[in-house]
Number of protein chains: 4
Amino acid sequence: MRKPLNVGMIGFGFMARTHSNAYSKVPHFFDVPYTPVLKTVCGLEEDKAKAFAEQWGYASYTTDWRKVIEDESIDVVDICVPNNMHAEIAIAAAQAGKAILCEKPLAMNAAQGREMVQAVEKAKVANLVSFNYRRVPAVTLAKQLIDSGRLGRIFHYRANFLQDWTISAKVPQGGMATWRLDVKAAGSGVVGDLLAHCIDTAMWHNGRIGEVCAMTETFVKERLNVETGKVEPVGIDDACTFLCRFDNGSLGNFESTRYARGHKALYTFEINGEHASIAWDLHDLHRLEYFDHRDESIVRGWRSIHVTDADMPYMDKWWVPGLQIGYEHTFVHQAADFLSGMASGKPAGPTFREALETQCVCDTVLASAAERAWKKVSY
Amino acid sequence: MRKPLNVGMIGFGFMARTHSNAYSKVPHFFDVPYTPVLKTVCGLEEDKAKAFAEQWGYASYTTDWRKVIEDESIDVVDICVPNNMHAEIAIAAAQAGKAILCEKPLAMNAAQGREMVQAVEKAKVANLVSFNYRRVPAVTLAKQLIDSGRLGRIFHYRANFLQDWTISAKVPQGGMATWRLDVKAAGSGVVGDLLAHCIDTAMWHNGRIGEVCAMTETFVKERLNVETGKVEPVGIDDACTFLCRFDNGSLGNFESTRYARGHKALYTFEINGEHASIAWDLHDLHRLEYFDHRDESIVRGWRSIHVTDADMPYMDKWWVPGLQIGYEHTFVHQAADFLSGMASGKPAGPTFREALETQCVCDTVLASAAERAWKKVSY
Amino acid sequence: MRKPLNVGMIGFGFMARTHSNAYSKVPHFFDVPYTPVLKTVCGLEEDKAKAFAEQWGYASYTTDWRKVIEDESIDVVDICVPNNMHAEIAIAAAQAGKAILCEKPLAMNAAQGREMVQAVEKAKVANLVSFNYRRVPAVTLAKQLIDSGRLGRIFHYRANFLQDWTISAKVPQGGMATWRLDVKAAGSGVVGDLLAHCIDTAMWHNGRIGEVCAMTETFVKERLNVETGKVEPVGIDDACTFLCRFDNGSLGNFESTRYARGHKALYTFEINGEHASIAWDLHDLHRLEYFDHRDESIVRGWRSIHVTDADMPYMDKWWVPGLQIGYEHTFVHQAADFLSGMASGKPAGPTFREALETQCVCDTVLASAAERAWKKVSY
Amino acid sequence: MRKPLNVGMIGFGFMARTHSNAYSKVPHFFDVPYTPVLKTVCGLEEDKAKAFAEQWGYASYTTDWRKVIEDESIDVVDICVPNNMHAEIAIAAAQAGKAILCEKPLAMNAAQGREMVQAVEKAKVANLVSFNYRRVPAVTLAKQLIDSGRLGRIFHYRANFLQDWTISAKVPQGGMATWRLDVKAAGSGVVGDLLAHCIDTAMWHNGRIGEVCAMTETFVKERLNVETGKVEPVGIDDACTFLCRFDNGSLGNFESTRYARGHKALYTFEINGEHASIAWDLHDLHRLEYFDHRDESIVRGWRSIHVTDADMPYMDKWWVPGLQIGYEHTFVHQAADFLSGMASGKPAGPTFREALETQCVCDTVLASAAERAWKKVSY
């Protein structure tokens with residue numbers, strides 16, 4: 001019999017939904033060592049916290065996150081609140097001996113992140129940051145192909161994360177729905193929200209980034225802040241592009257914007273090696289594009305791999321070949337790996353320590369853009 | 001508060017998983033009038049039935065489907081067993097006053113299907129056949145676009161359902177995993193398994209098919225029957241192509257096979273109207289291709305609609321634009337519509353009566369292939 | 001030094017342009033044994049024939065095709081006039097000892113085609129029918145892949161030729177621009193114009209078609225005839241779909257229409273074999289899609305081959321990898337092969353005799369549609 | 001009657017073929033004011049120059065380019081030799097009063113380019129640099145769409161030019177076939193060869209680039225020089241990526257490499273505007289992708305425009321809708337526009353003066369990479 005594992009959820013927004021769904025589904029599909037139990041959910045607005053608890057089957061709700069941490073029955077604290085609250089909650093949870101699953105980015109900046117790493121390592125609690133796109137089967141497959149050496153020497157890594165939802169100057173900042181546009185809550189714009197995903201995947205695939213040179217832009221300079229009711233300057237980056245060099249000698253090119261009309265959530269990457277190349281696109285996340293120069297020349301071409309067969313990462317747990325899974329499944333995979341890592345002692349990644357490296361690159365990108373200069377990344 | 005609705009699941013195979021998942025998820029995402037409760041699951045092999053019950057949280061299990069029907073606490077009987085058992089179970093369930101959700105195809109043939117229709121209509125029980133692909137958001141959107149009149153007069157409807165999993169002569173027939181190749185269990189091959197989906201969608205989109213002319217083929221003539229241990233003739237159709245005319249004057253072209261190397265579950269359709277055309281493909285189920293001749297000529301082209309925005313069918317219940325759902329969600333939508341239909345009295349489709357029409361076309365297709373002649377469809 | 005070869009062109013329409021361009025270009029790119037010399041062009045309208053001669057550099061023009069045939073200096077007669085004139089001109093040209101390149105389809109029907117075959121074979125003159133799509137490099141590559149045995153046993157051959165230019169009832173019939181809608185000039189509609197291409201390629205790829213079952217439709221029943229000035233019944237087929245069986249046991253599915261909104265000239269084919277499949281599309285003619293089941297499973301997928309490298313058919317004569325050729329080049333390849341065949345004695349195909357087989361299938365398709373029955377093809 | 005225009009071709013390599021083909025074809029398809037006459041071709045190797053003359057129908061050949069310029073019958077000098085010879089030949093040709101069509105990039109650097117501009121402007125001779133990709137119909141259409149204002153404010157311009165032909169360290173430098181890898185002949189690597197195309201198109205579409213920040217890499221440090229027979233350091237850039245800001249406030253991201261396995265000549269660009277976006281890809285040059293946010297939301301998606309209809313730029317001169325043209329046609333369009341510009345006095349672009357701006361950006365990109373700093377472009 002599986003042991004129950006009591007989950008305390010901090011937050012009731014979009015990410016809390018994805019995580020709650022993952023906890024609900026994971027025992028139906030994966031042979032996990034624990035059965036997550038949705039014990040309590042915490043949110044500042046009581047009626048919404050209550051409604052969320054009912055919708056998802058949480059046994060209780062609260063408006064005070066400290067009560068979740070004080071609750072001895074809670075095994076895992078799951079942090080799904082704006083970035084500016086990650087550090088305080090995570091450090092308190094670590095001190096209380098809770099396992100922690102924290103939404104990305106790890107923190108507002110690397111200094112804060114370092115404190116969080118120290119806290120979880122001192123407390124020896126399980127810890128994971130939710131860079132969920134690692135666990136798209138096609139992205140995991142890419143990792144396996146790279147690690148197998150098929151690509152040979154890597155020359156180029158390119159990644160984009162393009163959206164278009166903030167083009168209108170009428171989109172406000174602040175509040176529950178648009179805190180990501182408020183620098184006080186988010187810390188940065190596309191860098192922490194979107195490029196952090198690209199950087200996490202890239203360094204997982206291709207090793208550390210050594211130096212960067214970035215430019216940022218804020219196209220809409222002022223927006224209504226729904227919390228203050230005033231039109232205020234926009235403090236976040238609307239767009240950011242950066243060049244970089246990886247430690248393995250390959251060149252990187254990263255771009256993110258929320259002003260790319262026609263792209264809703266177009267996270268793409270491409271990696272070019274001596275023998276083979278790989279490309280992927282979140283808008284068709286169940287496919288991986290693969291080119292192998294060693295193929296016989298008259299039948300050589302980019303292969304569109306429909307990543308749905310049972311020998312693909314995670315896919316033996318789902319349906320049959322040809323039947324695709326979607327976005328939410330990345331969180332189910334994450335929950336499965338997190339639970340397995342807790343039982344086995346081989347933690348799933350990225351841990352806080354690993355995610356701190358992404359935070360370091362993000363900080364350096366922002367500094368490079370501010371200083372208009374190449375900057376080495378200090379890890 | 002939602003009322004609980006007790007589900008008795010007959011079967012523990014692939015389709016039982018998709019339906020159980022749907023019942024588990026639907027209250028988390030949809031504002032349904034009932035909360036499905038997984039009460040009991042029935043399967044011939046006790047250990048597997050027990051394991052299924054544990055995996056999915058069914059309160060009990062049994063090896064005798066009649067016990068499910070005799071159980072007064074059961075509200076809905078869900079039939080996920082081979083085709084040759086649909087009629088007997090469904091008729092008994094109707095007589096016991098249960099609501100019924102039955103996997104497709106409705107029956108082994110139209111005669112059997114008619115008895116099932118009579119039983120559910122006499123008993124006045126809710127009834128639905130699981131032609132789940134209607135509830136892919138892109139397919140539902142196609143229905144809305146057609147019904148809005150945008151396409152104008154329809155000239156052509158084309159549908160394919162191509163697979164490649166039975167090419168090897170070593171694939172057996174019979175048994176739990178390969179009953180679809182055994183004519184005694186399945187009734188037919190690709191006609192009932194795959195073309196039934198195409199026909200259901202097509203008549204939903206484009207109205208009744210009036211006459212058909214078909215050809216079938218069985219490429220591998222003998223296969224091991226895992227139930228008898230003997231090599232036996234294959235009685236099913238491995239491939240079927242048919243021409244047809246719809247009552248609205250449009251021409252149809254349908255093809256299905258399990259011998260199309262490279263296609264795992266490639267269900268595609270295309271509909272050509274006077275003003276606009278639509279195309280869809282199950283391998284990328286979250287997209288709909290749309291061409292509108294009324295577009296200004298220099299920017300006229302096929303549009304690839306990423307069906308993930310909140311104004312798309314069902315998509316307000318899921319994530320945010322750009323983040324796709326997958327195969328399993330069609331069953332969640334089906335469960336939501338079935339429950340809503342039970343409460344509202346406006347039943348979700350296709351009901352048994354509606355699905356009988358698809359069965360009639362299937363029967364006529366098989367007869368046409370056998371007689372090598374055009375045949376009118378009798379409904 | 002190459003020998004000059006004097007060309008007499010009958011016709012000055014669209015196909016005369018493609019052929020004249022081919023004769024002009026072929027010596028610049030191919031090591032052909034003859035240099036085509038544009039000697040004379042013939043057209044009924046003198047001013048247009050003259051203008052065509054000037055545009056293309058023909059040394060003279062005439063309004064009487066018999067003068068071209070009587071001209072002893074002419075080596076090759078190239079027939080680019082409506083179908084109802086092919087037989088008379090070709091037979092006269094053969095009797096005069098001219099080499100003949102004739103636009104497709106060969107004739108109005110198989111009976112006429114047989115007379116043409118007899119004439120060219122009796123006269124022992126070089127002869128070729130312009131089924132130009134055989135000489136798209138990707139289509140030729142498909143032939144090589146099939147002939148190499150890579151696909152293994154063939155199960156399915158599917159081809160479509162979809163257009164949308166006659167949907168408006170205002171498009172007239174007859175005359176120079178729209179003779180293809182006039183049954184007296186064209187003999188048939190999509191069958192002879194479009195399906196003839198599909199059938200030629202299919203039998204080249206996959207061997208003879210043994211029997212067919214077809215349906216045709218004429219959606220617009222009457223159109224203005226620009227020659228008579230009267231609204232007259234439309235005698236051609238607007239659309240035709242047919243099922244067939246090839247002699248090698250594979251199943252065929254062919255469809256053509258001029259009522260598929262959104263498709264300008266979408267000729268596609270797909271062939272499914274035991275081990276591998278191939279697909280092609282005229283709208284992206286420089287690509288061939290190839291799937292090989294023998295690929296390692298985790299990197300198996302449809303390959304999109306960009307057919308531009310020097311080891312691809314014909315492509316060593318053109319540019320560099322990545323730089324595509326287009327429609328017109330099929331005629332240059334045809335001219336190169338025709339000239340080489342004349343010199344070598346190994347004639348390029350399809351000869352009149354080979355093209356007659358396509359005509360036989362076309363006739364049988366039309367008969368099957370009229371009789372609503374399966375029909376064997378008599379060759 | 002059209003006036004003849006005598007062409008003297010300097011060079012007999014790849015680009016000389018594309019230009020010669022263009023001169024041969026242009027009078028057959030375009031209503032040009034002059035008929036180009038292939039008068040003489042010049043090449044250092046006499047036998048190859050002679051063979052080229054025979055293949056293309058040049059009336060004579062020479063090994064001394066000064067003789068071409070001294071030849072009073074020559075009207076146009078066409079420069080298709082390595083970059084290090086452009087300036088000397090072009091200045092001499094201008095002084096001799098010849099019209100000049102020069103391959104790109106204009107010169108080895110901007111200083112040299114300025115001298116060339118002065119020479120042609122002083123001599124008042126027609127002059128054009130062969131940035132042929134402007135004249136892909138889809139690229140010209142993009143220009144029209146942008147100029148029409150449909151896109152609204154521009155936020156982003158992205159362009160890539162990716163190749164993979166120099167990955168092997170065995171590819172040599174220098175000589176006729178690989179002079180592009182020899183910095184003495186080429187001046188730079190991908191910057192002058194490939195990014196120059198991207199920059200020309202980008203500034204034509206989106207206005208001047210104000211400042212840049214670049215990185216370059218030479219992955220293979222030494223290669224055999226086929227001229228000296230020695231292994232020598234590689235002086236060119238194998239790869240270059242740069243960030244930039246356009247004068248209109250939009251952000252640019254440009255990348256080129258010859259180490260992107262799987263891409264033969266993948267020139268792509270994408271431009272994101274407030275209302276609409278455009279994307280294009282040289283590997284499918286006959287398509288333009290277009291997204292318009294003003295489309296009704298339920299049918300909004302990227303449109304794939306098959307740029308083959310007669311109302312598309314240049315396409316009224318070619319075939320019928322659906323039938324694509326290829327790479328070579330860009331040079332035919334260029335020849336047509338150059339000839340028309342000579343007659344009308346409204347010169348086709350980019351003139352030497354316009355192409356100098358691209359040279360200025362290229363120089364600044366190389367300087368920025370060397371200095372690892374942002375640099376303003378001086379025009």
# chains A, B, ... in the order shown; residues from 1 in each chain; ligands from 1
>>> closest_atom_pairs(of="chain D", to="chain B", cutoff="6 Å", atoms="only C-alpha atoms", output="JSON lines")
{"residue": "D:Arg300", "atom": "CA", "partner": "B:Ile305", "partner_atom": "CA", "distance": 5.9}
{"residue": "D:Gly301", "atom": "CA", "partner": "B:Ile305", "partner_atom": "CA", "distance": 4.3}
{"residue": "D:Trp302", "atom": "CA", "partner": "B:Arg303", "partner_atom": "CA", "distance": 5.1}
{"residue": "D:Arg303", "atom": "CA", "partner": "B:Arg303", "partner_atom": "CA", "distance": 4.1}
{"residue": "D:Ser304", "atom": "CA", "partner": "B:Gly301", "partner_atom": "CA", "distance": 4.9}
{"residue": "D:Ile305", "atom": "CA", "partner": "B:Gly301", "partner_atom": "CA", "distance": 4.3}
>>> write_last_selection(atoms="all heavy atoms", output="PDB file, in the first residue's frame")
ATOM      1  N   ARG D 300      -9.052  32.679 -36.380  1.00  0.00           N
ATOM      2  CA  ARG D 300      -7.786  33.397 -36.475  1.00  0.00           C
ATOM      3  C   ARG D 300      -6.622  32.410 -36.416  1.00  0.00           C
ATOM      4  O   ARG D 300      -6.595  31.533 -35.545  1.00  0.00           O
ATOM      5  CB  ARG D 300      -7.688  34.356 -35.294  1.00  0.00           C
ATOM      6  CG  ARG D 300      -6.606  35.383 -35.384  1.00  0.00           C
ATOM      7  CD  ARG D 300      -6.480  36.124 -34.063  1.00  0.00           C
ATOM      8  NE  ARG D 300      -7.580  37.037 -33.803  1.00  0.00           N
ATOM      9  CZ  ARG D 300      -8.075  37.307 -32.590  1.00  0.00           C
ATOM     10  NH1 ARG D 300      -7.564  36.716 -31.513  1.00  0.00           N
ATOM     11  NH2 ARG D 300      -9.059  38.159 -32.442  1.00  0.00           N
ATOM     12  N   GLY D 301      -5.707  32.553 -37.337  1.00  0.00           N
ATOM     13  CA  GLY D 301      -4.539  31.672 -37.331  1.00  0.00           C
ATOM     14  C   GLY D 301      -3.546  32.135 -38.372  1.00  0.00           C
ATOM     15  O   GLY D 301      -3.842  33.019 -39.185  1.00  0.00           O
ATOM     16  N   TRP D 302      -2.368  31.578 -38.332  1.00  0.00           N
ATOM     17  CA  TRP D 302      -1.371  31.888 -39.347  1.00  0.00           C
ATOM     18  C   TRP D 302      -1.874  31.377 -40.692  1.00  0.00           C
ATOM     19  O   TRP D 302      -2.273  30.231 -40.813  1.00  0.00           O
ATOM     20  CB  TRP D 302      -0.032  31.232 -38.997  1.00  0.00           C
ATOM     21  CG  TRP D 302       0.707  32.016 -37.959  1.00  0.00           C
ATOM     22  CD1 TRP D 302       0.563  31.943 -36.605  1.00  0.00           C
ATOM     23  CD2 TRP D 302       1.700  33.030 -38.205  1.00  0.00           C
ATOM     24  NE1 TRP D 302       1.403  32.848 -35.991  1.00  0.00           N
ATOM     25  CE2 TRP D 302       2.117  33.515 -36.948  1.00  0.00           C
ATOM     26  CE3 TRP D 302       2.276  33.561 -39.360  1.00  0.00           C
ATOM     27  CZ2 TRP D 302       3.083  34.515 -36.813  1.00  0.00           C
ATOM     28  CZ3 TRP D 302       3.232  34.553 -39.225  1.00  0.00           C
ATOM     29  CH2 TRP D 302       3.630  35.020 -37.966  1.00  0.00           C
ATOM     30  N   ARG D 303      -1.823  32.249 -41.682  1.00  0.00           N
ATOM     31  CA  ARG D 303      -2.243  31.880 -43.031  1.00  0.00           C
ATOM     32  C   ARG D 303      -1.002  31.518 -43.857  1.00  0.00           C
ATOM     33  O   ARG D 303      -0.042  32.282 -43.881  1.00  0.00           O
ATOM     34  CB  ARG D 303      -2.908  33.058 -43.731  1.00  0.00           C
ATOM     35  CG  ARG D 303      -4.087  33.626 -42.994  1.00  0.00           C
ATOM     36  CD  ARG D 303      -4.604  34.830 -43.756  1.00  0.00           C
ATOM     37  NE  ARG D 303      -5.674  35.498 -43.027  1.00  0.00           N
ATOM     38  CZ  ARG D 303      -6.376  36.505 -43.542  1.00  0.00           C
ATOM     39  NH1 ARG D 303      -6.112  36.945 -44.764  1.00  0.00           N
ATOM     40  NH2 ARG D 303      -7.326  37.067 -42.828  1.00  0.00           N
ATOM     41  N   SER D 304      -1.074  30.409 -44.513  1.00  0.00           N
ATOM     42  CA  SER D 304       0.004  30.018 -45.418  1.00  0.00           C
ATOM     43  C   SER D 304      -0.415  30.404 -46.829  1.00  0.00           C
ATOM     44  O   SER D 304      -1.240  29.735 -47.455  1.00  0.00           O
ATOM     45  CB  SER D 304       0.258  28.517 -45.309  1.00  0.00           C
ATOM     46  OG  SER D 304       1.387  28.188 -46.071  1.00  0.00           O
ATOM     47  N   ILE D 305       0.149  31.517 -47.296  1.00  0.00           N
ATOM     48  CA  ILE D 305      -0.229  32.044 -48.611  1.00  0.00           C
ATOM     49  C   ILE D 305       0.662  31.409 -49.675  1.00  0.00           C
ATOM     50  O   ILE D 305       1.879  31.534 -49.618  1.00  0.00           O
ATOM     51  CB  ILE D 305      -0.064  33.577 -48.637  1.00  0.00           C
ATOM     52  CG1 ILE D 305      -0.813  34.221 -47.464  1.00  0.00           C
ATOM     53  CG2 ILE D 305      -0.505  34.145 -49.975  1.00  0.00           C
ATOM     54  CD1 ILE D 305      -0.490  35.705 -47.281  1.00  0.00           C
TER      55      ILE D 305
END
>>> residues_around(residues="Lys221 (chain B)", least_positions_apart="6", cutoff="12 Å", atoms="only C-alpha atoms", output="short mmCIF file (atom, residue, chain, number, x, y, z; two decimals) with N, CA and C atoms, in the first residue's frame")
data_model
loop_
_atom_site.label_atom_id
_atom_site.label_comp_id
_atom_site.auth_asym_id
_atom_site.auth_seq_id
_atom_site.Cartn_x
_atom_site.Cartn_y
_atom_site.Cartn_z
N THR B 166 -1.10 -3.40 -37.48
CA THR B 166 -1.33 -4.84 -37.74
C THR B 166 -0.59 -5.33 -38.98
N ILE B 167 0.38 -4.60 -39.43
CA ILE B 167 1.07 -5.01 -40.66
C ILE B 167 1.79 -6.35 -40.47
N SER B 168 2.40 -6.52 -39.32
CA SER B 168 3.11 -7.78 -39.08
C SER B 168 2.13 -8.93 -38.99
N ALA B 169 2.44 -10.03 -39.66
CA ALA B 169 1.58 -11.22 -39.59
C ALA B 169 1.68 -11.88 -38.23
N LYS B 170 2.62 -11.42 -37.42
CA LYS B 170 2.77 -12.02 -36.08
C LYS B 170 1.78 -11.44 -35.06
N VAL B 171 1.16 -10.34 -35.37
CA VAL B 171 0.13 -9.82 -34.48
C VAL B 171 -1.00 -10.85 -34.45
N PRO B 172 -1.40 -11.30 -33.25
CA PRO B 172 -2.44 -12.34 -33.18
C PRO B 172 -3.84 -11.74 -33.21
N GLN B 173 -4.83 -12.61 -33.14
CA GLN B 173 -6.21 -12.16 -32.99
C GLN B 173 -6.77 -12.74 -31.69
N LEU B 181 -9.17 -7.81 -33.76
CA LEU B 181 -8.87 -8.54 -34.99
C LEU B 181 -9.71 -9.82 -35.11
N VAL B 231 -3.87 -21.21 -35.41
CA VAL B 231 -3.88 -20.25 -36.51
C VAL B 231 -5.22 -20.36 -37.20
N GLU B 232 -5.92 -19.26 -37.28
CA GLU B 232 -7.28 -19.27 -37.83
C GLU B 232 -7.43 -18.19 -38.89
N PRO B 233 -8.36 -18.38 -39.79
CA PRO B 233 -8.62 -17.34 -40.80
C PRO B 233 -8.99 -16.03 -40.12
N VAL B 234 -8.60 -14.94 -40.74
CA VAL B 234 -8.97 -13.62 -40.23
C VAL B 234 -10.30 -13.23 -40.87
N GLY B 235 -11.27 -12.90 -40.04
CA GLY B 235 -12.60 -12.61 -40.55
C GLY B 235 -12.91 -11.13 -40.70
N ILE B 236 -12.00 -10.31 -40.23
CA ILE B 236 -12.29 -8.87 -40.29
C ILE B 236 -11.71 -8.24 -41.55
N ASP B 237 -12.16 -7.03 -41.82
CA ASP B 237 -11.62 -6.20 -42.90
C ASP B 237 -10.40 -5.44 -42.36
N ASP B 238 -9.26 -5.62 -43.03
CA ASP B 238 -8.05 -4.87 -42.66
C ASP B 238 -8.09 -3.45 -43.19
#
>>> residues_around(residues="Cys362 (chain A)", least_positions_apart="4", cutoff="9 Å", atoms="only C-alpha atoms", output="list in words")
Asn109, Ala110, Val191, Gly192, Leu195, Ala196, Ile199, Glu357, Thr358, Leu366 and Ala367 of chain A
>>> select_by_dssp(residues="region 8-213 of chain A", states="alpha helix (DSSP H)", output="VMD selection string")
chain A and resid 14 to 29 46 to 56 65 to 70 86 to 95 110 to 123 137 to 147 175 to 178 183 to 186 190 196 to 206
>>> residues_around(residues="region 36-40 of chain C", least_positions_apart="3", cutoff="9 Å", atoms="only C-alpha atoms", output="number ranges by chain")
C: 3-10, 20, 23-24, 26-27, 53, 56-62, 68, 73-74, 339
>>> atom_distance(atom1="CA of His293 (chain A)", atom2="CA of Asn272 (chain A)")
11.1 Å
>>> residues_around(residues="Thr201 (chain B)", least_positions_apart="2", cutoff="12 Å", atoms="only C-alpha atoms", output="PyMOL selection string")
chain B and resi 130-136+139-140+142-143+157-160+194-199+203-209+254+267-271+280+349-350+354-355+357-358
>>> write_last_selection(atoms="C-alpha atoms", output="JSON list (two decimals), in the first residue's frame")
[["chain", "number", "residue", "atom", "x", "y", "z"],
["B", 130, "SER", "CA", -18.86, 7.29, -26.96],
["B", 131, "PHE", "CA", -17.93, 8.79, -30.31],
["B", 132, "ASN", "CA", -15.44, 10.90, -28.45],
["B", 133, "TYR", "CA", -13.83, 12.67, -31.40],
["B", 134, "ARG", "CA", -16.88, 14.91, -31.77],
["B", 135, "ARG", "CA", -15.62, 16.57, -28.62],
["B", 136, "VAL", "CA", -12.15, 17.49, -29.74],
["B", 139, "VAL", "CA", -13.91, 19.19, -34.35],
["B", 140, "THR", "CA", -16.66, 20.91, -32.40],
["B", 142, "ALA", "CA", -15.72, 22.74, -37.30],
["B", 143, "LYS", "CA", -19.33, 21.84, -36.55],
["B", 157, "TYR", "CA", -16.36, 15.51, -47.58],
["B", 158, "ARG", "CA", -13.23, 13.39, -47.28],
["B", 159, "ALA", "CA", -12.13, 11.37, -44.25],
["B", 160, "ASN", "CA", -9.35, 8.92, -43.55],
["B", 194, "LEU", "CA", -12.33, 3.38, -37.24],
["B", 195, "LEU", "CA", -14.70, 4.28, -40.06],
["B", 196, "ALA", "CA", -17.51, 4.41, -37.52],
["B", 197, "HIS", "CA", -15.79, 7.45, -36.01],
["B", 198, "CYS", "CA", -15.42, 9.08, -39.44],
["B", 199, "ILE", "CA", -19.05, 8.39, -40.32],
["B", 203, "MET", "CA", -23.07, 12.88, -40.59],
["B", 204, "TRP", "CA", -22.95, 15.23, -37.61],
["B", 205, "HIS", "CA", -21.18, 17.76, -39.81],
["B", 206, "ASN", "CA", -22.80, 17.16, -43.15],
["B", 207, "GLY", "CA", -26.05, 15.22, -42.75],
["B", 208, "ARG", "CA", -27.07, 11.76, -43.82],
["B", 209, "ILE", "CA", -25.22, 9.57, -46.27],
["B", 254, "PHE", "CA", -13.74, 7.58, -46.86],
["B", 267, "TYR", "CA", -7.87, 10.41, -38.43],
["B", 268, "THR", "CA", -8.27, 13.31, -40.86],
["B", 269, "PHE", "CA", -11.20, 14.99, -42.49],
["B", 270, "GLU", "CA", -11.60, 17.77, -45.01],
["B", 271, "ILE", "CA", -14.75, 19.49, -46.11],
["B", 280, "TRP", "CA", -8.39, 18.51, -39.36],
["B", 349, "GLY", "CA", -25.30, 13.14, -28.59],
["B", 350, "PRO", "CA", -24.97, 10.76, -30.16],
["B", 354, "GLU", "CA", -28.35, 8.69, -33.43],
["B", 355, "ALA", "CA", -25.50, 6.19, -33.26],
["B", 357, "GLU", "CA", -27.54, 5.66, -38.06],
["B", 358, "THR", "CA", -23.78, 5.23, -38.11]]
>>> residues_around(residues="Asp31 (chain C)", least_positions_apart="4", cutoff="12 Å", atoms="only C-alpha atoms", output="PDB file with C-alpha atoms, in the first residue's frame")
ATOM      1  CA  MET C   1      29.110  20.144 -81.786  1.00  0.00           C
ATOM      2  CA  ARG C   2      25.467  19.467 -81.134  1.00  0.00           C
ATOM      3  CA  LYS C  25      16.665  26.361 -71.659  1.00  0.00           C
ATOM      4  CA  VAL C  26      17.621  22.748 -72.135  1.00  0.00           C
ATOM      5  CA  PRO C  27      20.964  23.319 -73.908  1.00  0.00           C
ATOM      6  CA  THR C  35      20.133  21.904 -79.909  1.00  0.00           C
ATOM      7  CA  TYR C 314      18.129  16.043 -62.397  1.00  0.00           C
ATOM      8  CA  ASP C 316      23.079  18.181 -60.518  1.00  0.00           C
ATOM      9  CA  LYS C 317      22.123  20.354 -63.486  1.00  0.00           C
ATOM     10  CA  HIS C 333      13.739  17.589 -67.919  1.00  0.00           C
ATOM     11  CA  ALA C 335      12.891  17.873 -73.271  1.00  0.00           C
ATOM     12  CA  ALA C 336      16.310  16.636 -72.136  1.00  0.00           C
ATOM     13  CA  ASP C 337      15.079  13.063 -71.837  1.00  0.00           C
ATOM     14  CA  LEU C 339      16.293  14.457 -76.981  1.00  0.00           C
ATOM     15  CA  SER C 340      18.543  11.917 -75.302  1.00  0.00           C
TER      16      SER C 340
ATOM     17  CA  GLU D  54      29.354  27.881 -75.822  1.00  0.00           C
ATOM     18  CA  GLN D  55      26.985  26.653 -73.160  1.00  0.00           C
TER      19      GLN D  55
END
>>> select_by_dssp(residues="region 8-56 of chain D", states="strand (DSSP E)", output="list in words")
Gly8, Met9, Ile10, Tyr34, Thr35, Pro36, Val37, Leu38, Lys39, Thr40, Val41 and Cys42 of chain D
>>> atom_distance(atom1="CA of Phe219 (chain B)", atom2="CA of Asp147 (chain C)")
21.5 Å
>>> residues_around(residues="Tyr327 (chain A)", least_positions_apart="3", cutoff="7 Å", atoms="only C-alpha atoms", output="list in words")
Thr330 of chain A; Leu323, Gln324 and Ile325 of chain B
>>> write_last_selection(atoms="C-alpha atoms", output="tab-separated table (two decimals), in the first residue's frame")
chain	number	residue	atom	x	y	z
A	330	THR	CA	4.19	17.90	-17.66
B	323	LEU	CA	-1.28	25.44	-24.09
B	324	GLN	CA	-2.77	22.41	-25.69
B	325	ILE	CA	-4.93	19.63	-24.35
>>> atom_distance(atom1="CA of Ile154 (chain B)", atom2="CA of Leu251 (chain B)")
8.7 Å
